[in-house]
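Participant: Can you keep this structure in mind? I'll have questions shortly.
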Amino acid sequence: MSEWEKNIRKTIPYVPGEQPKVKDVIKLNTNENPYPPSPKVLAKNLDMKSLRLYPDPAASLLVNAIAEYHCVKPGQVFVGVGSDDVIAMSFITFFNSEKEILFPDITYSFYDVWAEMLKIPFKRMPVNSDFRIVKEDYICDNGGIIFPNPNAPTGISEGLDFIEEIVKNNTKSVVIIDEAYVDFGGETALPLIEKYDNLLVVRTFSKSRSMAGIRIGYAIGNEKLIKYLSDIKYSFNSYTMNMPSIILGAESLADDEYFKETVKKVVITREWFTDEVKKLGFTVLPSSANFVFMSHEKAPAEDIFKAAREKRIFVRHFSSDRIKNYLRVTIGTDDEMKVFLEFLKEYLNGYALN
């Protein structure tokens with residue numbers, strides 16, 4: 001090892017879902033929305049000449065639009081380059097004690113990456129045999145708590161009473177609820193932010209608003225929490241949000257009818273697909289997200305994953321012991337899900353014959 005390498009910060013990075021380099025694929029592996037952004041977003045005429053200027057560091061247009069949409073004050077809103085950026089800033093800001101932060105053992109796998117990289121002590125709390133978070137495990141001394149609701153990759157959602165039980169019993173630390181998928185059937189924790197000053201709720205435009213490529217995430221919480229978060233942002237990078245994102249994000253929020261329409265379409269397809277694959281012998285966890293987590297009674301998940309990939313159908317498979325026999329399948333259009341369903345029927349028929 002070179003001398004200079006001894007001082008390098010080393011970590012095992014987060015591995016995102018595969019982005020295929022070929023065309024004509026059915027992409028059900030990264031939880032993107034199968035429908036385009038709002039027509040208002042697509043029709044917005046951007047002044048490209050203005051890109052020579054720095055964007056508004058406060059992203060006021062977008063912050064005000066988010067605040068108005070959720071009926072909160074602008075001072076209660078923080079925006080970032082996707083929810084990953086917002087959560088990373090939150091780890092730096094709020095998880096700064098010598099106590100362990102807590103999150104589920106089966107959850108968004110970026111959490112332990114951030115904790116390792118930032119040298120934050122952490123503990124993975126096991127979900128139960130039904131893959132549900134055990135709230136009693138989080139009622140203890142800790143340096144902070146974070147988990148998605150609905151959880152990922154399971155899609156399982158917990159109710160508001162469940163969330164409040166955790167928040168009210170952890171007033172000495174910050175509790176972050178990652179609501180990346182909440183619009184597809186979960187119950188938001190936003191009603192609790194006026195009651196608890198230690199609660200931060202994180203959202204994204206990537207899933208339900210069909211804007212994964214533009215990178216917009218935000219957090220809502222007590223004004224004091226947001227001020228601390230903003231102080232870290234301005235100490236790190238003042239211009240995190242680019243001008244097109246600010247403008248197009250605000251346009252998306254102005255089209256609530258389209259937003260609700262596309263979310264409803266995804267939910268209807270999710271429920272239909274769930275019913276169909278259960279007929280094929282799959283166990284499907286109850287999902288409140290834009291994906292399903294499913295396991296076949298006989299056919300190994302990894303084999304299905306590889307066979308689907310050969311047919312240019314991309315789904316997600318995880319190698320962790322407890323979930324290695326599950327596939328996470330993003331809900332696409334009706335046509336895409338029908339193609340995948342036909343593949344599953346053919347594959348399982350062949351599997352049975354062998």
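By order in the structure tokens, chains are A, B, ...; within a chain, residues start at 1; ligands start at 1, following the order shown.
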With stretch 128-133 of chain A as the partner and 12 Å as the cut-off, tabulate the residues of stretch 267-295 of chain A that qualify, each row holding the nearest pair of atoms and their distance in Å to one decimal, using only C-alpha atoms, sorted by chain and rising number, as a Markdown table.
Facilitator:
```
| residue | atom | partner | partner_atom | distance |
| --- | --- | --- | --- | --- |
| A:Thr283 | CA | A:Asp130 | CA | 11.6 |
| A:Val284 | CA | A:Asp130 | CA | 11.2 |
| A:Leu285 | CA | A:Asp130 | CA | 8.4 |
| A:Pro286 | CA | A:Asp130 | CA | 10.1 |
| A:Ser287 | CA | A:Phe131 | CA | 11.7 |
| A:Phe293 | CA | A:Phe131 | CA | 10.7 |
```
Participant: Keeping C-alpha atoms, export the residues of the selection given above as a compact mmCIF listing (two decimals), in the first residue's frame.
Facilitator:
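And here's selection.txt as it stands now:
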```txt
# COMPACT_ATOMS: atom_id res chain seq x y z
CA THR A 283 -45.84 -15.23 -1.86
CA VAL A 284 -46.16 -11.44 -2.09
CA LEU A 285 -45.67 -9.17 0.91
CA PRO A 286 -48.40 -6.54 1.40
CA SER A 287 -47.11 -3.51 -0.51
CA PHE A 293 -41.54 -8.11 -2.95
```
Participant: Residues near A:Phe282, anyone? I mean within 8 Å using only C-alpha atoms, not counting same-chain ones fewer than 4 positions away, as a count of residues only.
Facilitator: 6
Participant: Name the residues in contact with A:Lys298 at a cut-off of 12 Å, using only C-alpha atoms, excluding same-chain residues fewer than 4 positions from it; report them as a list in words.
Facilitator: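 These residues fall inside the cut-off: Leu280, Gly281, Phe282, Thr283, Glu302, Asp303, Ile304, Asn325, Tyr326, Leu348, Asn349, Tyr351 and Ala352 of chain A.
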Participant: Generate the output file for the selected residues, C-alpha atoms, as a PDB file, in the first residue's frame.
Facilitator:
```pdb
ATOM      1  CA  LEU A 280     -48.551 -18.908  -9.881  1.00  0.00           C
ATOM      2  CA  GLY A 281     -47.368 -19.887  -6.409  1.00  0.00           C
ATOM      3  CA  PHE A 282     -45.683 -16.649  -5.361  1.00  0.00           C
ATOM      4  CA  THR A 283     -45.842 -15.227  -1.860  1.00  0.00           C
ATOM      5  CA  GLU A 302     -31.904 -15.836  -8.357  1.00  0.00           C
ATOM      6  CA  ASP A 303     -32.717 -18.280 -11.157  1.00  0.00           C
ATOM      7  CA  ILE A 304     -35.839 -16.305 -12.097  1.00  0.00           C
ATOM      8  CA  ASN A 325     -35.119 -15.842  -2.262  1.00  0.00           C
ATOM      9  CA  TYR A 326     -37.167 -12.709  -2.964  1.00  0.00           C
ATOM     10  CA  LEU A 348     -42.442 -21.884 -14.243  1.00  0.00           C
ATOM     11  CA  ASN A 349     -43.997 -24.349 -16.704  1.00  0.00           C
ATOM     12  CA  TYR A 351     -39.199 -25.364 -14.379  1.00  0.00           C
ATOM     13  CA  ALA A 352     -41.950 -27.826 -13.409  1.00  0.00           C
TER      14      ALA A 352
END
```
Participant: With a distance cut-off of 12 Å and only C-alpha atoms, select the neighbouring residues of A:Phe273, excluding the residue or stretch itself and same-chain residues fewer than 2 positions from it, and output the selection as a ChimeraX atom specification.
Facilitator: /A:266-271,275-280,282,284,287,290-294,329-342,344
Participant: Just list the residues in stretch 88-294 of chain A DSSP gives helix (DSSP H, G or I) on the backbone, as a PyMOL selection string.
Facilitator: chain A and resi 88-94+110-117+135-138+160-168+182-184+190-192+223-236+243-253+256-278
Participant: Select, from A:Asp178, A:Asp105, A:Asp321, A:Glu116, the residue with the minimum atom-to-atom distance to A:Ser90, counting only C-alpha atoms.
Facilitator: A:Asp178
Participant: Give me the residues of stretch 241-343 of chain A that have any atom at most 10 Å from an atom of stretch 213-236 of chain A; for each, the nearest atom pair and the distance in Å, rounded to one decimal. Use only C-alpha atoms, sort by chain and number, and format it as a Markdown table.
Facilitator:
```
| residue | atom | partner | partner_atom | distance |
| --- | --- | --- | --- | --- |
| A:Met241 | CA | A:Ile216 | CA | 7.9 |
| A:Asn242 | CA | A:Ile214 | CA | 9.2 |
| A:Pro244 | CA | A:Ile214 | CA | 8.1 |
| A:Ser245 | CA | A:Ile214 | CA | 5.9 |
| A:Ile246 | CA | A:Ile216 | CA | 8.3 |
| A:Leu248 | CA | A:Ile214 | CA | 8.5 |
| A:Gly249 | CA | A:Ile216 | CA | 7.3 |
```
Participant: Quick one: of A:Val63, A:Ile323, A:Val22, A:Val79, who's nearest to A:Thr204, counting only C-alpha atoms?
Facilitator: A:Val79
Participant: Mind checking which residues fall within 9 Å of stretch 29-35 of chain A, counting only C-alpha atoms, ignoring those fewer than 5 positions away in the same chain, and posting them as a list in words?
Facilitator: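 Counting only C-alpha atoms, the residues come to Pro16, Gly17, Glu18, Gln19, Ser206, Lys207, Ser208, Arg209, Ser210, Met211, Ala212, Thr262, Val263, Val266, Asn290, Phe291, Ile313, Phe314, Val315, Arg316, His317, Arg328, Val329, Thr330, Ile331, Gly332 and Thr333 of chain A.
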Participant: So which residues of stretch 189-321 of chain A fall under strand (DSSP E) by DSSP, listed as a VMD selection string?
Facilitator: chain A and resid 199 to 204 217 to 221 282 to 284 291 to 296 313 to 314 316 to 317
Participant: Write the selection just made, keeping C-alpha atoms, as a PDB file, in the first residue's frame?
Facilitator:
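Everything below was put into selection.pdb:
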```pdb
ATOM      1  CA  LEU A 199     -39.261  14.439  13.752  1.00  0.00           C
ATOM      2  CA  LEU A 200     -38.005  14.874  10.189  1.00  0.00           C
ATOM      3  CA  VAL A 201     -40.022  13.567   7.231  1.00  0.00           C
ATOM      4  CA  VAL A 202     -38.163  13.055   3.933  1.00  0.00           C
ATOM      5  CA  ARG A 203     -39.842  12.877   0.515  1.00  0.00           C
ATOM      6  CA  THR A 204     -38.762  12.604  -3.128  1.00  0.00           C
ATOM      7  CA  GLY A 217     -35.764  15.518  -2.607  1.00  0.00           C
ATOM      8  CA  TYR A 218     -37.013  17.433   0.402  1.00  0.00           C
ATOM      9  CA  ALA A 219     -37.500  17.274   4.138  1.00  0.00           C
ATOM     10  CA  ILE A 220     -40.207  18.785   6.327  1.00  0.00           C
ATOM     11  CA  GLY A 221     -39.857  19.302  10.049  1.00  0.00           C
ATOM     12  CA  PHE A 282     -45.683 -16.649  -5.361  1.00  0.00           C
ATOM     13  CA  THR A 283     -45.842 -15.227  -1.860  1.00  0.00           C
ATOM     14  CA  VAL A 284     -46.163 -11.442  -2.087  1.00  0.00           C
ATOM     15  CA  PHE A 291     -43.131  -2.287  -6.225  1.00  0.00           C
ATOM     16  CA  VAL A 292     -43.818  -5.745  -4.856  1.00  0.00           C
ATOM     17  CA  PHE A 293     -41.536  -8.107  -2.952  1.00  0.00           C
ATOM     18  CA  MET A 294     -42.221 -11.696  -3.915  1.00  0.00           C
ATOM     19  CA  SER A 295     -40.898 -15.210  -3.498  1.00  0.00           C
ATOM     20  CA  HIS A 296     -41.868 -18.431  -5.264  1.00  0.00           C
ATOM     21  CA  ILE A 313     -36.669  -8.023 -18.323  1.00  0.00           C
ATOM     22  CA  PHE A 314     -34.810  -6.415 -15.422  1.00  0.00           C
ATOM     23  CA  ARG A 316     -34.014  -6.611  -8.568  1.00  0.00           C
ATOM     24  CA  HIS A 317     -32.475  -9.454  -6.604  1.00  0.00           C
TER      25      HIS A 317
END
```
